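Structure data (mmCIF, C-alpha atoms and all ligand atoms) from upload07.cif:
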```cif
data_entry
#
loop_
_atom_site.label_atom_id
_atom_site.label_comp_id
_atom_site.auth_asym_id
_atom_site.auth_seq_id
_atom_site.Cartn_x
_atom_site.Cartn_y
_atom_site.Cartn_z
CA MET A 1 109.33 81.40 99.68
CA ALA A 2 109.36 79.40 96.53
CA VAL A 3 109.66 79.78 92.80
CA ILE A 4 106.66 78.05 91.30
CA PRO A 5 106.55 76.58 87.78
CA ILE A 6 104.29 78.59 85.47
CA ARG A 7 101.21 76.78 84.21
CA THR A 8 100.97 76.73 80.44
CA LEU A 9 98.24 75.94 77.95
CA PRO A 10 96.25 73.71 77.86
CA ASP A 11 96.16 73.71 81.68
CA PRO A 12 92.46 74.21 82.50
CA ILE A 13 93.21 76.52 85.46
CA LEU A 14 94.12 79.20 82.92
CA ARG A 15 90.54 79.15 81.66
CA GLN A 16 88.81 79.33 85.04
CA LYS A 17 87.40 82.48 86.54
CA ALA A 18 89.47 83.01 89.67
CA LYS A 19 87.74 83.48 93.04
CA GLN A 20 87.65 86.69 95.05
CA VAL A 21 89.98 86.82 98.02
CA LYS A 22 87.89 87.26 101.18
CA VAL A 23 90.66 87.70 103.73
CA ILE A 24 94.30 88.58 103.09
CA GLY A 25 95.51 86.06 105.66
CA PRO A 26 98.75 84.10 105.98
CA SER A 27 98.05 81.80 103.02
CA VAL A 28 97.37 84.71 100.67
CA LYS A 29 100.43 86.54 101.97
CA LYS A 30 102.56 83.47 101.28
CA LEU A 31 101.03 83.22 97.81
CA ILE A 32 102.02 86.86 97.15
CA LYS A 33 105.60 86.21 98.31
CA ASP A 34 105.85 83.14 96.11
CA MET A 35 104.42 85.06 93.14
CA LEU A 36 106.96 87.87 93.60
CA GLU A 37 109.81 85.39 93.84
CA THR A 38 108.53 83.61 90.73
CA LEU A 39 108.22 86.96 88.94
CA HIS A 40 111.85 87.85 89.64
CA ALA A 41 113.22 84.35 89.09
CA VAL A 42 113.60 85.00 85.35
CA PRO A 43 114.39 88.37 83.72
CA GLY A 44 111.77 89.72 81.35
CA ARG A 45 108.74 88.64 83.33
CA ALA A 46 106.39 91.63 83.52
CA GLY A 47 103.70 90.19 85.74
CA ILE A 48 102.02 87.07 87.05
CA ALA A 49 98.45 86.24 87.92
CA ALA A 50 97.76 83.65 90.62
CA PRO A 51 96.19 81.09 88.24
CA GLN A 52 99.54 80.96 86.43
CA VAL A 53 101.09 79.49 89.58
CA GLY A 54 98.19 77.11 90.06
CA VAL A 55 96.01 79.11 92.47
CA SER A 56 92.60 80.21 91.25
CA LEU A 57 92.40 83.40 93.32
CA ARG A 58 92.20 87.05 92.26
CA VAL A 59 95.78 88.16 92.96
CA ILE A 60 98.23 89.76 90.53
CA VAL A 61 101.81 90.98 90.80
CA ILE A 62 103.49 93.32 88.33
CA GLY A 63 107.16 94.24 88.26
CA ALA A 64 107.71 97.89 87.49
CA PRO A 65 111.31 98.68 86.59
CA GLU A 66 112.82 101.24 88.98
CA GLU A 67 109.69 101.21 91.10
CA ASP A 68 108.27 98.95 93.75
CA ASP A 69 106.46 95.88 92.54
CA LEU A 70 102.74 96.31 92.30
CA VAL A 71 100.62 93.74 94.11
CA LEU A 72 96.83 93.90 93.80
CA VAL A 73 94.26 91.66 95.43
CA ASN A 74 90.81 91.51 93.80
CA PRO A 75 91.92 93.94 91.07
CA GLU A 76 89.47 95.47 88.64
CA ILE A 77 89.94 97.66 85.61
CA VAL A 78 87.47 100.47 86.27
CA LYS A 79 88.23 102.75 83.33
CA THR A 80 90.06 102.58 80.02
CA LYS A 81 90.93 105.34 77.61
CA GLY A 82 92.13 105.21 74.03
CA GLU A 83 93.38 102.31 72.01
CA ARG A 84 96.72 101.16 70.70
CA ILE A 85 98.20 98.14 69.02
CA VAL A 86 100.71 96.22 71.09
CA GLN A 87 102.75 93.10 70.67
CA GLU A 88 102.11 90.86 73.61
CA GLY A 89 103.37 87.57 74.93
CA CYS A 90 102.38 85.38 77.85
CA LEU A 91 104.42 83.13 80.12
CA SER A 92 101.62 80.58 79.81
CA ILE A 93 101.94 80.52 76.00
CA PRO A 94 105.69 80.17 75.55
CA GLY A 95 107.30 80.88 72.21
CA TYR A 96 104.62 83.13 70.73
CA VAL A 97 103.70 86.79 70.53
CA GLY A 98 100.57 88.36 69.13
CA GLU A 99 99.40 91.72 67.98
CA ILE A 100 96.34 92.93 69.85
CA LYS A 101 94.58 96.11 70.89
CA ARG A 102 94.98 97.43 74.39
CA ALA A 103 93.91 100.68 76.01
CA GLU A 104 96.27 103.64 76.11
CA LYS A 105 95.41 104.37 79.71
CA VAL A 106 93.69 102.37 82.39
CA THR A 107 92.50 103.00 85.89
CA ALA A 108 92.56 99.95 88.13
CA LYS A 109 91.55 99.43 91.69
CA GLY A 110 92.12 96.68 94.19
CA LYS A 111 93.54 95.99 97.59
CA ARG A 112 97.18 96.20 98.57
CA PRO A 113 98.57 93.30 100.64
CA ASP A 114 98.06 95.37 103.82
CA GLY A 115 94.36 95.59 103.03
CA THR A 116 94.30 99.26 102.04
CA GLU A 117 92.50 100.30 98.87
CA ALA A 118 94.64 101.12 95.86
CA ARG A 119 93.63 103.10 92.82
CA ILE A 120 96.21 103.02 90.02
CA ARG A 121 96.25 105.23 86.95
CA ALA A 122 98.55 103.71 84.39
CA GLU A 123 99.68 104.04 80.81
CA GLY A 124 102.16 102.25 78.58
CA LEU A 125 103.56 98.95 79.76
CA LEU A 126 101.98 99.16 83.19
CA ALA A 127 98.51 99.69 81.68
CA GLU A 128 99.07 96.75 79.36
CA ALA A 129 100.30 94.54 82.20
CA LEU A 130 97.27 95.42 84.34
CA GLU A 131 94.89 94.50 81.52
CA HIS A 132 96.83 91.31 80.77
CA GLU A 133 96.90 90.10 84.37
CA VAL A 134 93.26 90.99 85.12
CA ASP A 135 92.33 89.07 81.95
CA HIS A 136 94.05 86.01 83.45
CA LEU A 137 91.76 86.22 86.49
CA ASN A 138 88.80 85.99 84.14
CA GLY A 139 90.21 83.03 82.23
CA VAL A 140 91.01 85.25 79.26
CA LEU A 141 94.30 85.03 77.35
CA TYR A 142 95.70 87.51 74.85
CA ILE A 143 95.18 84.99 72.06
CA ASP A 144 91.45 85.51 72.60
CA ARG A 145 91.94 89.14 71.60
CA LEU A 146 93.63 88.48 68.25
CA GLU A 147 91.66 89.95 65.38
CA SER A 148 92.79 87.11 63.15
CA PRO A 149 95.04 84.05 63.50
CA ASP A 150 97.79 85.68 61.41
CA LYS A 151 98.32 88.21 64.20
CA LEU A 152 99.96 85.43 66.19
CA ARG A 153 103.52 84.47 65.39
CA LYS A 154 106.35 82.38 66.72
CA ILE A 155 109.16 84.26 68.40
CA GLN A 156 112.28 84.18 66.25
CA PRO A 157 115.36 82.71 67.94
CA GLU A 158 117.25 86.04 67.78
CA GLU A 159 114.49 87.69 69.79
CA LEU A 160 114.84 85.25 72.65
CA GLN A 161 116.66 86.13 75.77
CA GLU A 162 118.95 83.53 77.28
CA ASP A 163 116.12 82.17 79.33
CA GLY A 164 113.89 81.76 76.29
CA GLU A 165 110.93 83.32 78.05
CA GLY A 166 110.22 86.13 75.65
CA THR A 167 111.53 89.60 75.26
CA GLY A 168 110.05 91.94 77.82
CA GLU A 169 111.37 94.90 75.89
CA GLU A 170 109.17 97.87 75.22
CA ASP A 171 108.85 97.18 71.49
CA ASN A 172 107.72 93.67 72.15
CA GLY A 173 105.24 94.40 74.85
CA VAL A 174 104.37 92.52 77.92
CA THR A 175 105.20 88.95 78.78
CA GLY A 176 103.15 88.20 81.84
ZN ZN B 201 99.92 85.96 80.65
#
```

If you took the structure in this file and wrote it as structure tokens, what would it be?
Amino acid sequence: MAVIPIRTLPDPILRQKAKQVKVIGPSVKKLIKDMLETLHAVPGRAGIAAPQVGVSLRVIVIGAPEEDDLVLVNPEIVKTKGERIVQEGCLSIPGYVGEIKRAEKVTAKGKRPDGTEARIRAEGLLAEALEHEVDHLNGVLYIDRLESPDKLRKIQPEELQEDGEGTGEEDNGVTG
């Protein structure tokens, strides 16, 4: 396993549409292990999409506190409900957070690493993380969802954790 450096803007891989995974074979399984290790390497990381570790494939991992990590291959958001304003950050855009709209609830589907179908109903941080990470697979970043440029701001030093990677606290939304 390996901790992989996170790609940041303006790396073009972040703007590519990632490819569907055809077979969850050894290379995809290794990718998932590396993504999970990278996710847990620094506190405050909510999730990672494969393009952020340099692989343009449709794989996401999300860390759910007090629950097992969620791994989805070829994930799709199939339903959203409601709307709320959140403050969101991204590991690929260090030092900034932005205010955007996300759904209150989402239903996502995809494959688990063992190949079985998963259908996830989520709200709160998990819903936000699912939308954020699936956006990454489509080359979309949260900054694309800002209603105006003044909704983006620099993180103040007192908000930074020791690692400087963003907050990860509920009030400050997802950093993934
Ligand atoms: Zn992100």

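Comparing A:Ser92, A:Ser56, A:Gln156, A:Thr107 by their smallest distance to ligand ZN 201 (chain B), the closest is A:Ser92 (using only C-alpha atoms and all ligand atoms).
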
What gap, in Å, lies between CA of Asn74 (chain A) and CA of Ala18 (chain A)?
-> 9.5 Å

Can you work out which one of A:Arg45, A:Lys151, A:Lys22, A:Lys105 has the shortest atom-to-atom distance to ligand ZN 201 (chain B), counting all atoms listed in the file?
-> A:Arg45

What do you get as a ChimeraX atom specification if you pick all residues at most 9 Å from ligand ZN 201 (chain B), counting only C-alpha atoms and all ligand atoms?
-> /A:47-49,52,88-93,129,132-133,135-136,141-142,174-176

Please produce a file of those selected residues containing C-alpha atoms, as a PDB file, in the frame of the given file.
```
ATOM      1  CA  GLY A  47     103.700  90.190  85.740  1.00  0.00           C
ATOM      2  CA  ILE A  48     102.020  87.070  87.050  1.00  0.00           C
ATOM      3  CA  ALA A  49      98.450  86.240  87.920  1.00  0.00           C
ATOM      4  CA  GLN A  52      99.540  80.960  86.430  1.00  0.00           C
ATOM      5  CA  GLU A  88     102.110  90.860  73.610  1.00  0.00           C
ATOM      6  CA  GLY A  89     103.370  87.570  74.930  1.00  0.00           C
ATOM      7  CA  CYS A  90     102.380  85.380  77.850  1.00  0.00           C
ATOM      8  CA  LEU A  91     104.420  83.130  80.120  1.00  0.00           C
ATOM      9  CA  SER A  92     101.620  80.580  79.810  1.00  0.00           C
ATOM     10  CA  ILE A  93     101.940  80.520  76.000  1.00  0.00           C
ATOM     11  CA  ALA A 129     100.300  94.540  82.200  1.00  0.00           C
ATOM     12  CA  HIS A 132      96.830  91.310  80.770  1.00  0.00           C
ATOM     13  CA  GLU A 133      96.900  90.100  84.370  1.00  0.00           C
ATOM     14  CA  ASP A 135      92.330  89.070  81.950  1.00  0.00           C
ATOM     15  CA  HIS A 136      94.050  86.010  83.450  1.00  0.00           C
ATOM     16  CA  LEU A 141      94.300  85.030  77.350  1.00  0.00           C
ATOM     17  CA  TYR A 142      95.700  87.510  74.850  1.00  0.00           C
ATOM     18  CA  VAL A 174     104.370  92.520  77.920  1.00  0.00           C
ATOM     19  CA  THR A 175     105.200  88.950  78.780  1.00  0.00           C
ATOM     20  CA  GLY A 176     103.150  88.200  81.840  1.00  0.00           C
TER      21      GLY A 176
END
```

For CA of Asn138 (chain A) and CA of Ala46 (chain A), the interatomic separation in Å (one decimal) = 18.5 Å

Mind listing as a list of chain:residue names all residues within 12 Å of (110.0, 83.6, 91.9), counting all atoms listed in the file?
-> A:Met1, A:Ala2, A:Val3, A:Ile4, A:Pro5, A:Ile6, A:Lys30, A:Leu31, A:Ile32, A:Lys33, A:Asp34, A:Met35, A:Leu36, A:Glu37, A:Thr38, A:Leu39, A:His40, A:Ala41, A:Val42, A:Pro43, A:Arg45, A:Gly47, A:Ile48, A:Val53, A:Val61, A:Gly63

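The coordinates place CA of Lys109 (chain A) at 6.9 Å from CA of Val78 (chain A).
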
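Of the listed residues (A:Ile77, A:Val21, A:Leu9, A:Ala103), A:Val21 comes nearest to Val59 (chain A); the distances count all atoms listed in the file.
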
Surrounding residues of Arg112 (chain A) excluding itself and chain neighbours under 5 positions, 12 Å, all atoms listed in the file, as a PyMOL selection string = chain A and resi 21+23-24+28-29+32+59-61+69-75+117-120

Might you pull out every residue within 8 Å of Arg102 (chain A), with all atoms listed in the file counted and same-chain residues fewer than 4 positions away left off, and present them as a ChimeraX atom specification?
-> /A:83-86,128,131
